[in-house]
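Colleague: Submitted below is the structure of interest, expressed as structure tokens.
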Amino acid sequence: MITVGFFVRIEAKPGHEAAVEAQLRGALPAIEAEADTVVWMALRLGPTTYAVVDAFPHEEGRLIHLEAGRARLAANPEHFAKPPELVRTDVIAAKIPSVA
């Protein structure tokens, strides 16, 4: 059961959109290795605005992911117009396909 998550809003500096997208795509292998990260999506919301949505079965998984994610986002701060905005969420309903 998924119980907790994050919503992260990322604003790229104009002209840095491709670098932000590459950074998000490049994070996927590390995310796939996190057993408790059962949902992870990187989304483009507008020309320079992105979001990451994550979900976890418990708080421990969320905290493990948070530490790794902070390090990934801190690696290239020159691409961001402002620091990413992180919102902790409670998951109240979800439809997630099961993987065999």
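Ordered as shown in the structure tokens, chains take letters A, B, and onward, while each chain numbers its residues from 1 and ligands are numbered from 1 in the order shown.
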Return as a PyMOL selection string the full set of residues in chain A whose backbone-based DSSP assignment is alpha helix (DSSP H).
Modeller: chain A and resi 17-32+59-74
Colleague: With N, CA and C atoms retained, export the selected residues as a compact mmCIF listing (two decimals), in the first residue's frame.
Modeller:
```txt
# COMPACT_ATOMS: atom_id res chain seq x y z
N GLU A 17 16.57 24.38 -20.05
CA GLU A 17 15.54 23.34 -20.03
C GLU A 17 16.09 21.96 -20.41
N ALA A 18 16.90 21.90 -21.45
CA ALA A 18 17.45 20.61 -21.89
C ALA A 18 18.33 19.99 -20.81
N ALA A 19 19.08 20.81 -20.10
CA ALA A 19 19.93 20.29 -19.03
C ALA A 19 19.11 19.75 -17.88
N VAL A 20 18.03 20.44 -17.52
CA VAL A 20 17.15 19.96 -16.45
C VAL A 20 16.49 18.65 -16.87
N GLU A 21 16.01 18.58 -18.10
CA GLU A 21 15.39 17.35 -18.57
C GLU A 21 16.40 16.20 -18.59
N ALA A 22 17.62 16.47 -19.00
CA ALA A 22 18.65 15.43 -19.01
C ALA A 22 18.96 14.96 -17.58
N GLN A 23 18.99 15.90 -16.66
CA GLN A 23 19.25 15.54 -15.26
C GLN A 23 18.11 14.66 -14.72
N LEU A 24 16.88 15.00 -15.05
CA LEU A 24 15.75 14.18 -14.59
C LEU A 24 15.77 12.80 -15.22
N ARG A 25 15.98 12.74 -16.52
CA ARG A 25 16.07 11.43 -17.20
C ARG A 25 17.23 10.60 -16.64
N GLY A 26 18.34 11.25 -16.38
CA GLY A 26 19.51 10.57 -15.87
C GLY A 26 19.34 10.00 -14.47
N ALA A 27 18.37 10.52 -13.72
CA ALA A 27 18.11 10.02 -12.37
C ALA A 27 17.37 8.69 -12.37
N LEU A 28 16.72 8.35 -13.48
CA LEU A 28 15.85 7.17 -13.51
C LEU A 28 16.55 5.87 -13.10
N PRO A 29 17.74 5.54 -13.57
CA PRO A 29 18.36 4.29 -13.13
C PRO A 29 18.54 4.20 -11.60
N ALA A 30 18.94 5.29 -10.98
CA ALA A 30 19.09 5.30 -9.52
C ALA A 30 17.74 5.12 -8.83
N ILE A 31 16.71 5.76 -9.37
CA ILE A 31 15.36 5.65 -8.80
C ILE A 31 14.88 4.21 -8.92
N GLU A 32 15.11 3.59 -10.07
CA GLU A 32 14.68 2.21 -10.27
C GLU A 32 15.33 1.26 -9.28
N GLU A 59 7.17 5.90 5.58
CA GLU A 59 8.02 7.07 5.81
C GLU A 59 9.51 6.74 5.63
N GLU A 60 9.95 5.58 6.04
CA GLU A 60 11.36 5.21 5.92
C GLU A 60 11.81 5.26 4.45
N GLY A 61 11.00 4.73 3.55
CA GLY A 61 11.32 4.77 2.13
C GLY A 61 11.37 6.19 1.60
N ARG A 62 10.45 7.02 2.08
CA ARG A 62 10.44 8.42 1.65
C ARG A 62 11.71 9.12 2.10
N LEU A 63 12.16 8.87 3.33
CA LEU A 63 13.36 9.54 3.84
C LEU A 63 14.61 9.10 3.10
N ILE A 64 14.71 7.81 2.78
CA ILE A 64 15.86 7.31 2.01
C ILE A 64 15.91 8.00 0.65
N HIS A 65 14.76 8.08 -0.01
CA HIS A 65 14.68 8.73 -1.31
C HIS A 65 15.00 10.23 -1.21
N LEU A 66 14.53 10.86 -0.17
CA LEU A 66 14.77 12.29 0.02
C LEU A 66 16.25 12.61 0.07
N GLU A 67 17.01 11.84 0.83
CA GLU A 67 18.44 12.10 0.93
C GLU A 67 19.14 11.94 -0.42
N ALA A 68 18.81 10.89 -1.14
CA ALA A 68 19.41 10.68 -2.46
C ALA A 68 18.98 11.77 -3.43
N GLY A 69 17.72 12.15 -3.38
CA GLY A 69 17.20 13.19 -4.28
C GLY A 69 17.82 14.54 -4.02
N ARG A 70 18.03 14.88 -2.78
CA ARG A 70 18.68 16.16 -2.46
C ARG A 70 20.07 16.22 -3.07
N ALA A 71 20.79 15.13 -2.99
CA ALA A 71 22.14 15.10 -3.57
C ALA A 71 22.08 15.26 -5.09
N ARG A 72 21.11 14.59 -5.73
CA ARG A 72 20.99 14.72 -7.19
C ARG A 72 20.66 16.15 -7.59
N LEU A 73 19.73 16.78 -6.90
CA LEU A 73 19.33 18.15 -7.25
C LEU A 73 20.43 19.16 -6.93
N ALA A 74 21.21 18.90 -5.91
CA ALA A 74 22.29 19.81 -5.53
C ALA A 74 23.48 19.74 -6.49
```
Colleague: Please build the interface table for region 32-74 of chain A against region 4-14 of chain A with a cut-off of 7 Å, listing for each qualifying residue the nearest atom pair and the distance in Å to one decimal; count only C-alpha atoms, order rows by chain and increasing number, and write it as JSON lines.
Modeller:
```
{"residue": "A:Thr48", "atom": "CA", "partner": "A:Ala12", "partner_atom": "CA", "distance": 5.1}
{"residue": "A:Thr49", "atom": "CA", "partner": "A:Glu11", "partner_atom": "CA", "distance": 4.7}
{"residue": "A:Tyr50", "atom": "CA", "partner": "A:Ile10", "partner_atom": "CA", "distance": 4.9}
{"residue": "A:Ala51", "atom": "CA", "partner": "A:Arg9", "partner_atom": "CA", "distance": 4.5}
{"residue": "A:Val52", "atom": "CA", "partner": "A:Val8", "partner_atom": "CA", "distance": 5.0}
{"residue": "A:Val53", "atom": "CA", "partner": "A:Phe7", "partner_atom": "CA", "distance": 4.8}
{"residue": "A:Asp54", "atom": "CA", "partner": "A:Phe6", "partner_atom": "CA", "distance": 5.2}
{"residue": "A:Ala55", "atom": "CA", "partner": "A:Gly5", "partner_atom": "CA", "distance": 4.0}
{"residue": "A:Phe56", "atom": "CA", "partner": "A:Val4", "partner_atom": "CA", "distance": 5.4}
{"residue": "A:Pro57", "atom": "CA", "partner": "A:Val4", "partner_atom": "CA", "distance": 6.5}
{"residue": "A:His58", "atom": "CA", "partner": "A:Val4", "partner_atom": "CA", "distance": 6.2}
{"residue": "A:Glu59", "atom": "CA", "partner": "A:Val4", "partner_atom": "CA", "distance": 6.6}
{"residue": "A:Arg62", "atom": "CA", "partner": "A:Gly5", "partner_atom": "CA", "distance": 6.7}
```
Colleague: Which distance in Å separates CA of Thr37 (chain A) and CA of Val91 (chain A), to one decimal?
Modeller: 13.3 Å
Colleague: Which residue is closest to Thr3 (chain A)? Choose from A:Ala75, A:Asp90, A:Gly15, A:Phe80 and count only C-alpha atoms.
Modeller: A:Asp90
Colleague: Rounded to one decimal in Å, what is the spacing between CA of Val39 (chain A) and CA of Lys95 (chain A)?
Modeller: 10.3 Å
Colleague: CA of Ile96 (chain A) and CA of Ile2 (chain A) are how many Å apart?
Modeller: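 Here the two named atoms are 9.2 Å from each other.
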Colleague: Taking only C-alpha atoms into account, name the residue in A:Leu43, A:Leu86, A:Ala33, A:Met1 that is nearest to Ser98 (chain A).
Modeller: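 Comparing A:Leu43, A:Leu86, A:Ala33, A:Met1 against Ser98 (chain A), the winner is A:Met1.
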